[in-house]
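Structure first, commentary second.
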Amino acid sequence: MLYNIIDFEVCGDHSGKLVALEKGAEFPFDIKRVYYIWQTDRDVVRGKHAHRALEQVIVCVSGSCDFILDDGATRQCISLTTPVQGLHIKSRIWREFTNFSEDCVVMVLASEHYDEADYIRDYDVFLKELKG
Ligand code: T46
């Protein structure tokens with residue numbers, strides 16, 4: 001499985017909408033880090049790596065962008081277009097993301113603290129580690 005889509009519960013009425021993400025049955029891991037990305041030009045390709053252990057839930061809280069996911073056997077493109085869904089990516093999945101709308105803000109909820117040693121930034125090394 002390359003990814004899961006999590007549908008968030010939305011509170012709100014005519015005064016606006018709210019999504020709360022808390023540790024609990026509906027969330028797949030304990031959140032240790034949150035970061036967000038914005039002001040990325042449409043054609044920039046970010047990511048281009050996999051993680052050895054890290055899991056993430058990725059939410060496009062504004063605008064849209066496309067994620068290309070790859071497990072070494074299958075490659076799939078998923079468009080993120082709504083703040084009411086999260087893209088859950090487990091470890092050992094190669095990801096690239098691009099096609100950013102001007103108003104795109106990507107928020108990432110991560111299962112681990114930042115650790116450069118957790119990154120696999122070379123696609124051939126990624127394939128080798130999958131086989132190993
Ligand atoms: C993913 C997408 C959605 C830090 O210093 N601390 C951090 O917590 C992070 C995430 C990054 N950095 C530094 C490390 C690099 O020098 O910021 C620079 C860019 O980081 P990274 O290559 O992780 O950025 P993206 O936008 O290519 O990818 C990130 C996630 O790492 C990635 O797994 O899925 O956001």
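All residue names refer to the structure tokens as shown: chains lettered A, B, ... in order, residues numbered from 1 in each chain, ligands numbered from 1 in order.
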
- Message: Using only C-alpha atoms and all ligand atoms, which residues have at least one atom no more than 9 Å from ligand 1? Output them as an MDAnalysis selection string.
- Response: chainID A and resid 33:37 45:51 54:59 67 89 94:97 106:108 110 113:116 119 121

- Item | Shell of 10 Å around segment 14-30 of chain A, only C-alpha atoms, local chain residues under 4 positions omitted, as a PyMOL selection string | chain A and resi 6-10+55-57+83-86+88+90+109-112

Take the selection from the previous step and output its residues with N, CA, C and O atoms, as a PDB file, in the first residue's frame.
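Output (again11.pdb):
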```pdb
ATOM      1  N   ILE A   6      -6.907   9.795   5.046  1.00  0.00           N
ATOM      2  CA  ILE A   6      -7.685   9.893   6.282  1.00  0.00           C
ATOM      3  C   ILE A   6      -8.675  11.049   6.119  1.00  0.00           C
ATOM      4  O   ILE A   6      -8.273  12.173   5.793  1.00  0.00           O
ATOM      5  N   ASP A   7      -9.945  10.760   6.355  1.00  0.00           N
ATOM      6  CA  ASP A   7     -10.980  11.808   6.305  1.00  0.00           C
ATOM      7  C   ASP A   7     -11.138  12.391   7.702  1.00  0.00           C
ATOM      8  O   ASP A   7     -11.467  11.657   8.643  1.00  0.00           O
ATOM      9  N   PHE A   8     -10.899  13.681   7.845  1.00  0.00           N
ATOM     10  CA  PHE A   8     -10.991  14.327   9.148  1.00  0.00           C
ATOM     11  C   PHE A   8     -12.436  14.717   9.452  1.00  0.00           C
ATOM     12  O   PHE A   8     -13.210  15.038   8.536  1.00  0.00           O
ATOM     13  N   GLU A   9     -12.723  14.751  10.759  1.00  0.00           N
ATOM     14  CA  GLU A   9     -14.033  15.237  11.185  1.00  0.00           C
ATOM     15  C   GLU A   9     -14.000  16.766  11.159  1.00  0.00           C
ATOM     16  O   GLU A   9     -13.026  17.368  11.657  1.00  0.00           O
ATOM     17  N   VAL A  10     -15.012  17.370  10.586  1.00  0.00           N
ATOM     18  CA  VAL A  10     -15.048  18.834  10.469  1.00  0.00           C
ATOM     19  C   VAL A  10     -16.111  19.407  11.399  1.00  0.00           C
ATOM     20  O   VAL A  10     -17.258  18.938  11.397  1.00  0.00           O
ATOM     21  N   GLU A  55       7.037   8.250   9.626  1.00  0.00           N
ATOM     22  CA  GLU A  55       5.698   8.248   9.006  1.00  0.00           C
ATOM     23  C   GLU A  55       5.173   9.676   9.037  1.00  0.00           C
ATOM     24  O   GLU A  55       5.490  10.432   9.966  1.00  0.00           O
ATOM     25  N   GLN A  56       4.318  10.012   8.096  1.00  0.00           N
ATOM     26  CA  GLN A  56       3.767  11.370   8.044  1.00  0.00           C
ATOM     27  C   GLN A  56       2.293  11.347   7.661  1.00  0.00           C
ATOM     28  O   GLN A  56       1.849  10.454   6.949  1.00  0.00           O
ATOM     29  N   VAL A  57       1.586  12.344   8.153  1.00  0.00           N
ATOM     30  CA  VAL A  57       0.269  12.672   7.582  1.00  0.00           C
ATOM     31  C   VAL A  57       0.420  14.079   7.001  1.00  0.00           C
ATOM     32  O   VAL A  57       0.846  15.015   7.697  1.00  0.00           O
ATOM     33  N   PRO A  83      -8.367  20.687   2.854  1.00  0.00           N
ATOM     34  CA  PRO A  83      -7.849  20.580   4.224  1.00  0.00           C
ATOM     35  C   PRO A  83      -8.585  19.548   5.076  1.00  0.00           C
ATOM     36  O   PRO A  83      -8.254  19.389   6.247  1.00  0.00           O
ATOM     37  N   VAL A  84      -9.561  18.858   4.509  1.00  0.00           N
ATOM     38  CA  VAL A  84     -10.333  17.907   5.322  1.00  0.00           C
ATOM     39  C   VAL A  84      -9.872  16.462   5.125  1.00  0.00           C
ATOM     40  O   VAL A  84     -10.495  15.536   5.622  1.00  0.00           O
ATOM     41  N   GLN A  85      -8.759  16.281   4.402  1.00  0.00           N
ATOM     42  CA  GLN A  85      -8.195  14.939   4.244  1.00  0.00           C
ATOM     43  C   GLN A  85      -6.695  14.978   4.500  1.00  0.00           C
ATOM     44  O   GLN A  85      -6.031  15.974   4.214  1.00  0.00           O
ATOM     45  N   GLY A  86      -6.182  13.882   5.047  1.00  0.00           N
ATOM     46  CA  GLY A  86      -4.736  13.751   5.254  1.00  0.00           C
ATOM     47  C   GLY A  86      -4.207  12.588   4.431  1.00  0.00           C
ATOM     48  O   GLY A  86      -4.875  11.550   4.299  1.00  0.00           O
ATOM     49  N   HIS A  88      -1.637   9.824   4.442  1.00  0.00           N
ATOM     50  CA  HIS A  88      -0.769   9.100   5.378  1.00  0.00           C
ATOM     51  C   HIS A  88       0.251   8.296   4.571  1.00  0.00           C
ATOM     52  O   HIS A  88      -0.112   7.410   3.795  1.00  0.00           O
ATOM     53  N   LYS A  90       3.624   5.919   5.014  1.00  0.00           N
ATOM     54  CA  LYS A  90       4.479   5.180   5.942  1.00  0.00           C
ATOM     55  C   LYS A  90       5.934   5.306   5.502  1.00  0.00           C
ATOM     56  O   LYS A  90       6.244   5.976   4.520  1.00  0.00           O
ATOM     57  N   LEU A 109       2.522  16.425   9.570  1.00  0.00           N
ATOM     58  CA  LEU A 109       2.544  15.912  10.934  1.00  0.00           C
ATOM     59  C   LEU A 109       3.445  14.678  10.896  1.00  0.00           C
ATOM     60  O   LEU A 109       3.193  13.751  10.104  1.00  0.00           O
ATOM     61  N   ALA A 110       4.475  14.675  11.713  1.00  0.00           N
ATOM     62  CA  ALA A 110       5.504  13.635  11.584  1.00  0.00           C
ATOM     63  C   ALA A 110       5.639  12.819  12.860  1.00  0.00           C
ATOM     64  O   ALA A 110       5.449  13.326  13.970  1.00  0.00           O
ATOM     65  N   SER A 111       5.999  11.553  12.677  1.00  0.00           N
ATOM     66  CA  SER A 111       6.077  10.620  13.811  1.00  0.00           C
ATOM     67  C   SER A 111       7.401  10.706  14.562  1.00  0.00           C
ATOM     68  O   SER A 111       7.549  10.097  15.615  1.00  0.00           O
ATOM     69  N   GLU A 112       8.391  11.437  13.991  1.00  0.00           N
ATOM     70  CA  GLU A 112       9.732  11.498  14.604  1.00  0.00           C
ATOM     71  C   GLU A 112      10.270  12.922  14.537  1.00  0.00           C
ATOM     72  O   GLU A 112       9.812  13.727  13.740  1.00  0.00           O
TER      73      GLU A 112
END
```

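Of the listed residues (A:Asn99, A:Ile78, A:Ser91, A:Gly72), A:Gly72 comes nearest to Asp124 of chain A; the distances count only C-alpha atoms.
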
- Task: Pick out the residues sitting within 10 Å of segment 101-104 of chain A, and hand them over as JSON, numbers by chain; count only C-alpha atoms, and ignore anything fewer than 6 positions along from it in its own chain.
- Result: {"A": [37, 38, 39, 40, 41, 42, 43, 60, 61, 62, 63, 64, 65, 66, 80, 81]}

- Message: Let's see if you can do this: from backbone DSSP, list all helix (DSSP H, G or I) residues in chain A, as an MDAnalysis selection string.
- Response: chainID A and resid 116:118 123:131

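For the atom pair formed by atom CA of Leu2 of chain A and atom CA of Ile93 of chain A, the distance is 7.0 Å, given to one decimal.
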
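Residues within 12 Å of Lys131 of chain A, counting only C-alpha atoms and excluding same-chain residues fewer than 4 positions away, are Asp71, Gly72, Ala73, Arg92, Asp124, Val125, Phe126 and Leu127 of chain A.
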
Output all heavy atoms for every residue in that selection, as a PDB file, in the first residue's frame.
```
ATOM      1  N   ASP A  71       6.877   2.932  -4.368  1.00  0.00           N
ATOM      2  CA  ASP A  71       7.387   1.939  -3.412  1.00  0.00           C
ATOM      3  C   ASP A  71       8.426   1.019  -4.047  1.00  0.00           C
ATOM      4  O   ASP A  71       8.698  -0.076  -3.547  1.00  0.00           O
ATOM      5  CB  ASP A  71       6.237   1.118  -2.816  1.00  0.00           C
ATOM      6  CG  ASP A  71       5.502   0.297  -3.883  1.00  0.00           C
ATOM      7  OD1 ASP A  71       5.891   0.328  -5.070  1.00  0.00           O
ATOM      8  OD2 ASP A  71       4.535  -0.388  -3.514  1.00  0.00           O
ATOM      9  N   GLY A  72       8.982   1.443  -5.170  1.00  0.00           N
ATOM     10  CA  GLY A  72       9.988   0.647  -5.863  1.00  0.00           C
ATOM     11  C   GLY A  72       9.373  -0.265  -6.912  1.00  0.00           C
ATOM     12  O   GLY A  72      10.067  -0.745  -7.806  1.00  0.00           O
ATOM     13  N   ALA A  73       8.064  -0.485  -6.809  1.00  0.00           N
ATOM     14  CA  ALA A  73       7.380  -1.344  -7.780  1.00  0.00           C
ATOM     15  C   ALA A  73       6.289  -0.570  -8.511  1.00  0.00           C
ATOM     16  O   ALA A  73       6.063  -0.751  -9.705  1.00  0.00           O
ATOM     17  CB  ALA A  73       6.759  -2.549  -7.074  1.00  0.00           C
ATOM     18  N   ARG A  92       9.697   4.215   4.012  1.00  0.00           N
ATOM     19  CA  ARG A  92      10.187   3.503   2.829  1.00  0.00           C
ATOM     20  C   ARG A  92       9.304   3.702   1.592  1.00  0.00           C
ATOM     21  O   ARG A  92       9.075   2.784   0.810  1.00  0.00           O
ATOM     22  CB  ARG A  92      10.369   2.005   3.147  1.00  0.00           C
ATOM     23  CG  ARG A  92      11.485   1.782   4.182  1.00  0.00           C
ATOM     24  CD  ARG A  92      11.336   0.492   4.919  1.00  0.00           C
ATOM     25  NE  ARG A  92      11.511  -0.677   4.080  1.00  0.00           N
ATOM     26  CZ  ARG A  92      12.667  -1.307   3.858  1.00  0.00           C
ATOM     27  NH1 ARG A  92      13.783  -0.866   4.396  1.00  0.00           N
ATOM     28  NH2 ARG A  92      12.726  -2.377   3.117  1.00  0.00           N
ATOM     29  N   ASP A 124      18.657   5.108  -6.282  1.00  0.00           N
ATOM     30  CA  ASP A 124      19.261   3.771  -6.391  1.00  0.00           C
ATOM     31  C   ASP A 124      19.512   3.165  -5.017  1.00  0.00           C
ATOM     32  O   ASP A 124      19.345   1.962  -4.812  1.00  0.00           O
ATOM     33  CB  ASP A 124      20.583   3.846  -7.186  1.00  0.00           C
ATOM     34  CG  ASP A 124      20.312   4.182  -8.649  1.00  0.00           C
ATOM     35  OD1 ASP A 124      19.203   3.848  -9.130  1.00  0.00           O
ATOM     36  OD2 ASP A 124      21.184   4.788  -9.290  1.00  0.00           O
ATOM     37  N   VAL A 125      19.919   4.002  -4.058  1.00  0.00           N
ATOM     38  CA  VAL A 125      20.115   3.518  -2.677  1.00  0.00           C
ATOM     39  C   VAL A 125      18.763   3.076  -2.107  1.00  0.00           C
ATOM     40  O   VAL A 125      18.654   2.043  -1.431  1.00  0.00           O
ATOM     41  CB  VAL A 125      20.754   4.622  -1.801  1.00  0.00           C
ATOM     42  CG1 VAL A 125      20.799   4.202  -0.335  1.00  0.00           C
ATOM     43  CG2 VAL A 125      22.149   4.969  -2.312  1.00  0.00           C
ATOM     44  N   PHE A 126      17.709   3.824  -2.412  1.00  0.00           N
ATOM     45  CA  PHE A 126      16.350   3.471  -1.973  1.00  0.00           C
ATOM     46  C   PHE A 126      15.982   2.070  -2.467  1.00  0.00           C
ATOM     47  O   PHE A 126      15.554   1.216  -1.679  1.00  0.00           O
ATOM     48  CB  PHE A 126      15.375   4.528  -2.513  1.00  0.00           C
ATOM     49  CG  PHE A 126      13.922   4.165  -2.429  1.00  0.00           C
ATOM     50  CD1 PHE A 126      13.294   4.014  -1.197  1.00  0.00           C
ATOM     51  CD2 PHE A 126      13.164   3.987  -3.587  1.00  0.00           C
ATOM     52  CE1 PHE A 126      11.933   3.678  -1.119  1.00  0.00           C
ATOM     53  CE2 PHE A 126      11.816   3.666  -3.519  1.00  0.00           C
ATOM     54  CZ  PHE A 126      11.207   3.506  -2.277  1.00  0.00           C
ATOM     55  N   LEU A 127      16.221   1.812  -3.767  1.00  0.00           N
ATOM     56  CA  LEU A 127      15.888   0.486  -4.323  1.00  0.00           C
ATOM     57  C   LEU A 127      16.727  -0.604  -3.668  1.00  0.00           C
ATOM     58  O   LEU A 127      16.223  -1.677  -3.335  1.00  0.00           O
ATOM     59  CB  LEU A 127      16.111   0.485  -5.840  1.00  0.00           C
ATOM     60  CG  LEU A 127      15.163   1.363  -6.668  1.00  0.00           C
ATOM     61  CD1 LEU A 127      15.501   1.268  -8.144  1.00  0.00           C
ATOM     62  CD2 LEU A 127      13.698   0.985  -6.428  1.00  0.00           C
TER      63      LEU A 127
END
```

- Task: Write down as a PyMOL selection string the residues belonging to segment 26-97 of chain A that are assigned strand (DSSP E or B) by DSSP computed on the backbone.
- Result: chain A and resi 33-38+46-51+56-62+65-70+75-80+85-89+94-97

Could you take the residues named above and write them with N, CA, C and O atoms, as a compact mmCIF listing (two decimals), in the first residue's frame?
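Once written, out.txt looks like this:
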```
# COMPACT_ATOMS: atom_id res chain seq x y z
N ARG A 33 6.40 16.10 15.60
CA ARG A 33 6.87 17.31 14.91
C ARG A 33 5.82 17.73 13.90
O ARG A 33 5.17 16.90 13.28
N VAL A 34 5.67 19.06 13.77
CA VAL A 34 4.77 19.63 12.75
C VAL A 34 5.56 20.67 11.98
O VAL A 34 6.29 21.46 12.59
N TYR A 35 5.48 20.65 10.66
CA TYR A 35 6.09 21.73 9.88
C TYR A 35 5.21 22.03 8.68
O TYR A 35 4.32 21.25 8.34
N TYR A 36 5.42 23.20 8.08
CA TYR A 36 4.61 23.55 6.93
C TYR A 36 5.44 24.26 5.89
O TYR A 36 6.49 24.85 6.17
N ILE A 37 4.96 24.17 4.66
CA ILE A 37 5.72 24.60 3.47
C ILE A 37 4.79 25.49 2.64
O ILE A 37 3.64 25.11 2.38
N TRP A 38 5.28 26.62 2.22
CA TRP A 38 4.45 27.51 1.38
C TRP A 38 5.36 28.34 0.49
O TRP A 38 6.59 28.23 0.56
N ARG A 46 9.78 19.18 -5.04
CA ARG A 46 10.36 18.99 -3.70
C ARG A 46 10.35 17.50 -3.36
O ARG A 46 9.84 16.68 -4.11
N GLY A 47 10.83 17.18 -2.19
CA GLY A 47 10.87 15.79 -1.77
C GLY A 47 12.07 15.11 -2.38
O GLY A 47 13.21 15.41 -2.04
N LYS A 48 11.85 14.19 -3.33
CA LYS A 48 12.92 13.40 -3.96
C LYS A 48 13.70 12.65 -2.90
O LYS A 48 14.92 12.69 -2.87
N HIS A 49 12.97 12.02 -2.01
CA HIS A 49 13.60 11.17 -0.99
C HIS A 49 12.58 10.20 -0.40
O HIS A 49 11.37 10.35 -0.64
N ALA A 50 13.09 9.26 0.36
CA ALA A 50 12.24 8.38 1.19
C ALA A 50 12.76 8.50 2.62
O ALA A 50 13.86 9.03 2.85
N HIS A 51 11.98 8.01 3.56
CA HIS A 51 12.42 7.97 4.95
C HIS A 51 12.57 6.53 5.41
O HIS A 51 11.78 5.67 5.02
N GLN A 56 4.32 10.01 8.10
CA GLN A 56 3.77 11.37 8.04
C GLN A 56 2.29 11.35 7.66
O GLN A 56 1.85 10.45 6.95
N VAL A 57 1.59 12.34 8.15
CA VAL A 57 0.27 12.67 7.58
C VAL A 57 0.42 14.08 7.00
O VAL A 57 0.85 15.01 7.70
N ILE A 58 0.11 14.21 5.73
CA ILE A 58 0.34 15.44 4.99
C ILE A 58 -1.02 16.05 4.63
O ILE A 58 -1.89 15.36 4.09
N VAL A 59 -1.16 17.34 4.95
CA VAL A 59 -2.45 18.01 4.72
C VAL A 59 -2.20 19.27 3.90
O VAL A 59 -1.33 20.09 4.26
N CYS A 60 -2.92 19.43 2.82
CA CYS A 60 -2.85 20.66 2.05
C CYS A 60 -3.89 21.60 2.66
O CYS A 60 -5.08 21.52 2.33
N VAL A 61 -3.47 22.44 3.60
CA VAL A 61 -4.44 23.26 4.34
C VAL A 61 -4.96 24.42 3.50
O VAL A 61 -6.00 25.00 3.82
N SER A 62 -4.24 24.75 2.44
CA SER A 62 -4.71 25.78 1.49
C SER A 62 -4.22 25.40 0.11
O SER A 62 -3.11 24.88 -0.04
N CYS A 65 -1.63 20.71 -4.48
CA CYS A 65 -0.36 20.25 -5.06
C CYS A 65 -0.50 18.76 -5.34
O CYS A 65 -1.48 18.13 -4.94
N ASP A 66 0.48 18.21 -6.07
CA ASP A 66 0.44 16.78 -6.43
C ASP A 66 1.60 16.03 -5.79
O ASP A 66 2.75 16.52 -5.81
N PHE A 67 1.30 14.87 -5.23
CA PHE A 67 2.34 13.99 -4.68
C PHE A 67 2.51 12.78 -5.60
O PHE A 67 1.53 12.15 -5.99
N ILE A 68 3.76 12.48 -5.92
CA ILE A 68 4.08 11.26 -6.66
C ILE A 68 4.72 10.31 -5.67
O ILE A 68 5.75 10.66 -5.05
N LEU A 69 4.11 9.14 -5.48
CA LEU A 69 4.59 8.16 -4.50
C LEU A 69 5.06 6.90 -5.21
O LEU A 69 4.46 6.49 -6.22
N ASP A 70 6.09 6.29 -4.65
CA ASP A 70 6.75 5.17 -5.33
C ASP A 70 7.28 4.21 -4.27
O ASP A 70 8.01 4.63 -3.37
N ARG A 75 4.27 3.36 -9.02
CA ARG A 75 4.36 4.82 -8.90
C ARG A 75 2.96 5.38 -9.12
O ARG A 75 2.26 4.95 -10.06
N GLN A 76 2.54 6.28 -8.23
CA GLN A 76 1.17 6.80 -8.32
C GLN A 76 1.16 8.29 -7.99
O GLN A 76 1.91 8.72 -7.09
N CYS A 77 0.31 9.04 -8.66
CA CYS A 77 0.19 10.48 -8.39
C CYS A 77 -1.13 10.76 -7.68
O CYS A 77 -2.18 10.27 -8.09
N ILE A 78 -1.06 11.53 -6.59
CA ILE A 78 -2.26 11.88 -5.81
C ILE A 78 -2.31 13.40 -5.71
O ILE A 78 -1.32 14.02 -5.29
N SER A 79 -3.45 13.97 -6.05
CA SER A 79 -3.61 15.42 -5.90
C SER A 79 -4.19 15.72 -4.52
O SER A 79 -5.20 15.11 -4.13
N LEU A 80 -3.56 16.65 -3.80
CA LEU A 80 -4.11 17.10 -2.52
C LEU A 80 -4.79 18.44 -2.77
O LEU A 80 -4.16 19.40 -3.21
N GLN A 85 -8.76 16.28 4.40
CA GLN A 85 -8.20 14.94 4.24
C GLN A 85 -6.70 14.98 4.50
O GLN A 85 -6.03 15.97 4.21
N GLY A 86 -6.18 13.88 5.05
CA GLY A 86 -4.74 13.75 5.25
C GLY A 86 -4.21 12.59 4.43
O GLY A 86 -4.87 11.55 4.30
N LEU A 87 -3.01 12.80 3.88
CA LEU A 87 -2.33 11.74 3.13
C LEU A 87 -1.35 11.06 4.08
O LEU A 87 -0.38 11.68 4.52
N HIS A 88 -1.64 9.82 4.44
CA HIS A 88 -0.77 9.10 5.38
C HIS A 88 0.25 8.30 4.57
O HIS A 88 -0.11 7.41 3.80
N ILE A 89 1.54 8.64 4.77
CA ILE A 89 2.61 7.91 4.09
C ILE A 89 3.47 7.23 5.15
O ILE A 89 4.00 7.88 6.05
N TRP A 94 9.21 6.42 -1.60
CA TRP A 94 9.83 7.56 -2.28
C TRP A 94 8.74 8.57 -2.61
O TRP A 94 7.66 8.19 -3.06
N ARG A 95 8.99 9.87 -2.35
CA ARG A 95 7.99 10.87 -2.67
C ARG A 95 8.61 12.09 -3.35
O ARG A 95 9.72 12.50 -3.04
N GLU A 96 7.82 12.63 -4.30
CA GLU A 96 8.14 13.91 -4.92
C GLU A 96 6.84 14.70 -4.89
O GLU A 96 5.76 14.11 -4.95
N PHE A 97 6.93 16.02 -4.75
CA PHE A 97 5.68 16.80 -4.83
C PHE A 97 5.92 18.09 -5.56
O PHE A 97 6.98 18.71 -5.49
```

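Counting only C-alpha atoms and comparing A:Val44, A:Ala117, A:Arg52, A:Thr74, the residue that lies closest to Tyr3 of chain A is A:Thr74.
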
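For the pair atom CA of Thr98 of chain A and atom CA of Thr82 of chain A, the interatomic distance is 15.8 Å.
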